[in-house]
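Novice: To start, I am sharing the structure in question, which I have written as structure tokens.
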Amino acid sequence: MNPWLLTAIIAAVVIAVVIKRMIGEPVEARGLFAAPAVLTGIGLLSLIKKTDLTATDITWVITGAVLGAALGALRGTTVQLVEKKGALWQRYTGRTFLAVLGTLAVSAGFNILAVKMGMHEDARPLQLAIGVSFLGEALVIGRRGMSSGIPFAPARTR
């Protein structure tokens with residue numbers, strides 16, 4: 001697939017998710033985990049297709065994925081969870097956007113360090129970085145939602 005087209009699709013998905021969460025949306029398990037799983041899967045597939053990865057690249061990719069998931073989990077603690085219409089709803093807050101800015105700064109610093117330490121610049125797919133970050137966020141939101149005692153929203157029929 002054309003890299004520009006893939007980037008545009010990923011950007012559209014991320015923007016749509018963020019807008020929906022700014023407005024507020026019901027939390028359903030499939031909706032919470034679908035986009036992160038797809039993005040992570042696309043990132044892993046593109047990584048598998050690379051033939052020139054080194055042990056250094058793989059070490060930095062794994063470390064970056066763990067860092068991304070942790071930063072996403074931190075962001076997940078800032079998401080507002082409330083009961084609305086008998087189900088759990090989520091909404092991004094100002095603190096969430098501060099966490100996003102911090103996440104971007106830490107990730108950028110990590111990427112600069114990784115490249116300076118020998119990682120190939122194209123060895124860490126953007127889809128993987130975004131996917132694991134949203135996955136970390138989803139895991140924390142899911143855990144917080146389950147602990148709240150408020151039922152998740154029923155799955156929408158599409």
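Note on naming: chains are A, B, ... as they come in the structure tokens, residues start from 1 per chain, ligands start from 1 in the order shown.
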If we count only C-alpha atoms, what is near Ile10 of chain A at a cut-off of 12 Å, once residues fewer than 5 positions away on the same chain are taken out, given as a list in words?
Specialist: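 The residues that qualify are Pro3, Trp4, Leu5, Ile15, Ala16, Val17, Ala35, Pro36, Val38, Leu39, Thr40, Ile42, Gly43, Pro125, Leu126, Gln127, Leu128, Ala129, Ile130 and Gly131 of chain A.
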Novice: Next, write the just-selected residues to a file, as a CSV table (one decimal), in the first residue's frame, keeping N, CA, C and O atoms as the atom set.
Specialist:
```csv
chain,number,residue,atom,x,y,z
A,3,PRO,N,2.6,4.4,1.0
A,3,PRO,CA,2.8,4.9,2.4
A,3,PRO,C,2.1,6.2,2.7
A,3,PRO,O,1.6,6.4,3.9
A,4,TRP,N,1.9,7.1,1.7
A,4,TRP,CA,1.1,8.3,2.0
A,4,TRP,C,-0.3,8.0,2.2
A,4,TRP,O,-1.0,8.6,3.1
A,5,LEU,N,-0.9,7.1,1.5
A,5,LEU,CA,-2.3,6.7,1.7
A,5,LEU,C,-2.5,6.1,3.1
A,5,LEU,O,-3.4,6.4,3.8
A,15,ILE,N,-7.6,11.0,14.3
A,15,ILE,CA,-8.4,12.3,14.5
A,15,ILE,C,-9.8,11.9,14.8
A,15,ILE,O,-10.4,12.6,15.7
A,16,ALA,N,-10.4,10.9,14.2
A,16,ALA,CA,-11.8,10.6,14.5
A,16,ALA,C,-11.9,10.1,15.9
A,16,ALA,O,-12.9,10.5,16.6
A,17,VAL,N,-11.0,9.3,16.4
A,17,VAL,CA,-11.0,8.8,17.7
A,17,VAL,C,-10.9,9.9,18.7
A,17,VAL,O,-11.7,10.0,19.7
A,35,ALA,N,-9.4,-0.2,17.4
A,35,ALA,CA,-8.4,0.6,16.7
A,35,ALA,C,-7.0,0.4,17.1
A,35,ALA,O,-6.1,0.2,16.3
A,36,PRO,N,-6.7,0.3,18.5
A,36,PRO,CA,-5.4,0.0,18.9
A,36,PRO,C,-4.9,-1.4,18.3
A,36,PRO,O,-3.7,-1.5,17.9
A,38,VAL,N,-5.8,-2.9,15.6
A,38,VAL,CA,-5.6,-2.8,14.1
A,38,VAL,C,-4.3,-2.1,13.9
A,38,VAL,O,-3.4,-2.5,13.1
A,39,LEU,N,-4.1,-0.9,14.5
A,39,LEU,CA,-2.9,-0.2,14.3
A,39,LEU,C,-1.6,-0.9,14.7
A,39,LEU,O,-0.6,-0.9,14.0
A,40,THR,N,-1.7,-1.6,15.8
A,40,THR,CA,-0.6,-2.4,16.3
A,40,THR,C,-0.3,-3.5,15.3
A,40,THR,O,0.9,-3.8,15.0
A,42,ILE,N,-1.0,-3.6,12.1
A,42,ILE,CA,-0.4,-3.0,10.8
A,42,ILE,C,1.1,-2.7,11.1
A,42,ILE,O,2.0,-3.0,10.2
A,43,GLY,N,1.4,-2.1,12.2
A,43,GLY,CA,2.8,-1.8,12.6
A,43,GLY,C,3.6,-3.1,12.6
A,43,GLY,O,4.8,-3.1,12.1
A,125,PRO,N,7.9,1.5,13.0
A,125,PRO,CA,6.7,2.0,12.3
A,125,PRO,C,5.8,2.9,13.1
A,125,PRO,O,5.6,2.6,14.3
A,126,LEU,N,5.4,4.0,12.5
A,126,LEU,CA,4.5,4.9,13.2
A,126,LEU,C,3.2,4.2,13.7
A,126,LEU,O,2.7,4.5,14.8
A,127,GLN,N,2.7,3.3,12.9
A,127,GLN,CA,1.5,2.6,13.2
A,127,GLN,C,1.6,1.8,14.5
A,127,GLN,O,0.7,1.8,15.4
A,128,LEU,N,2.8,1.2,14.7
A,128,LEU,CA,3.1,0.4,15.9
A,128,LEU,C,3.2,1.4,17.1
A,128,LEU,O,2.6,1.1,18.2
A,129,ALA,N,3.8,2.5,16.9
A,129,ALA,CA,4.0,3.4,18.1
A,129,ALA,C,2.6,4.0,18.5
A,129,ALA,O,2.3,4.0,19.7
A,130,ILE,N,1.8,4.3,17.5
A,130,ILE,CA,0.4,4.8,17.9
A,130,ILE,C,-0.4,3.7,18.5
A,130,ILE,O,-1.2,3.9,19.4
A,131,GLY,N,-0.4,2.5,17.8
A,131,GLY,CA,-1.2,1.4,18.3
A,131,GLY,C,-0.9,1.0,19.7
A,131,GLY,O,-1.8,0.8,20.5
```
Novice: Find the residues around Thr54 of chain A up to 10 Å (only C-alpha atoms counted), leave out those fewer than 6 positions away in its own chain, and share them as a CSV table (one decimal) with N, CA and C atoms, in the first residue's frame.
Specialist:
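Full text of selection37.csv as output:
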```csv
chain,number,residue,atom,x,y,z
A,60,TRP,N,15.5,-1.6,20.3
A,60,TRP,CA,14.9,-0.3,20.5
A,60,TRP,C,13.4,-0.3,20.2
A,118,GLY,N,22.1,4.0,17.2
A,118,GLY,CA,22.3,3.0,16.2
A,118,GLY,C,21.0,2.4,15.6
A,119,MET,N,19.8,2.8,16.0
A,119,MET,CA,18.6,2.3,15.4
A,119,MET,C,18.4,2.9,14.0
A,120,HIS,N,18.0,2.1,13.0
A,120,HIS,CA,17.7,2.7,11.7
A,120,HIS,C,16.4,3.5,11.9
A,123,ALA,N,13.0,1.9,11.3
A,123,ALA,CA,12.8,0.6,11.9
A,123,ALA,C,11.6,0.6,12.9
```
Novice: Looking only at helix (DSSP H, G or I) from DSSP on the backbone, list the matching residues of segment 2-157 of chain A as an MDAnalysis selection string.
Specialist: chainID A and resid 3:23 29:49 55:76 94:116 126:148
Novice: When DSSP works through the backbone of this structure, what residues of chain A end up as strand (DSSP E or B), shown as a ChimeraX atom specification?
Specialist: /A:25-26,80-84,87-91
Novice: Emit the selected residues as a PDB file, in the first residue's frame, including C-alpha atoms.
Specialist:
```
ATOM      1  CA  GLU A  25     -18.658   8.431  23.837  1.00  0.00           C
ATOM      2  CA  PRO A  26     -19.908   5.227  25.386  1.00  0.00           C
ATOM      3  CA  GLN A  80     -12.943  11.066  32.551  1.00  0.00           C
ATOM      4  CA  LEU A  81     -15.256   8.072  33.085  1.00  0.00           C
ATOM      5  CA  VAL A  82     -18.889   8.709  33.975  1.00  0.00           C
ATOM      6  CA  GLU A  83     -22.225   6.963  33.928  1.00  0.00           C
ATOM      7  CA  LYS A  84     -24.555   8.217  31.233  1.00  0.00           C
ATOM      8  CA  ALA A  87     -23.595   2.845  30.716  1.00  0.00           C
ATOM      9  CA  LEU A  88     -19.970   3.849  31.047  1.00  0.00           C
ATOM     10  CA  TRP A  89     -18.886   6.872  28.982  1.00  0.00           C
ATOM     11  CA  GLN A  90     -15.429   8.344  28.438  1.00  0.00           C
ATOM     12  CA  ARG A  91     -14.294  11.849  27.634  1.00  0.00           C
TER      13      ARG A  91
END
```
Novice: Do you know which residues are at most 9 Å from segment 135-138 of chain A counting only C-alpha atoms, after dropping those on the same chain fewer than 6 positions away, and could you put them as an MDAnalysis selection string?
Specialist: chainID A and resid 32:33 35:37 40 68:77 79
Novice: Pick out the closest residue to Val13 of chain A from this set: A:Glu28, A:Phe134, A:Asp52, A:Thr78. Count only C-alpha atoms.
Specialist: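 Among A:Glu28, A:Phe134, A:Asp52, A:Thr78, it is A:Phe134 that comes nearest to Val13 of chain A.
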Novice: Nearest to Ile141 of chain A: which of A:Thr51, A:Ile23, A:Ala99, A:Ala29 is it, counting only C-alpha atoms?
Specialist: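 Answer, going by the shortest atom-to-atom distance: A:Ala29.
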Novice: Find the distance between atom CA of Phe152 of chain A and atom CA of Leu98 of chain A and write it in Å to one decimal.
Specialist: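 Going from atom CA of Phe152 of chain A over to atom CA of Leu98 of chain A, I get 26.4 Å.
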Novice: Using only C-alpha atoms, can you tell me which of A:Gly24, A:Arg30, A:Ala155, A:Gly41 comes closest to Gly142 of chain A?
Specialist: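 Of the candidates, the smallest distance to Gly142 of chain A is held by A:Arg30.
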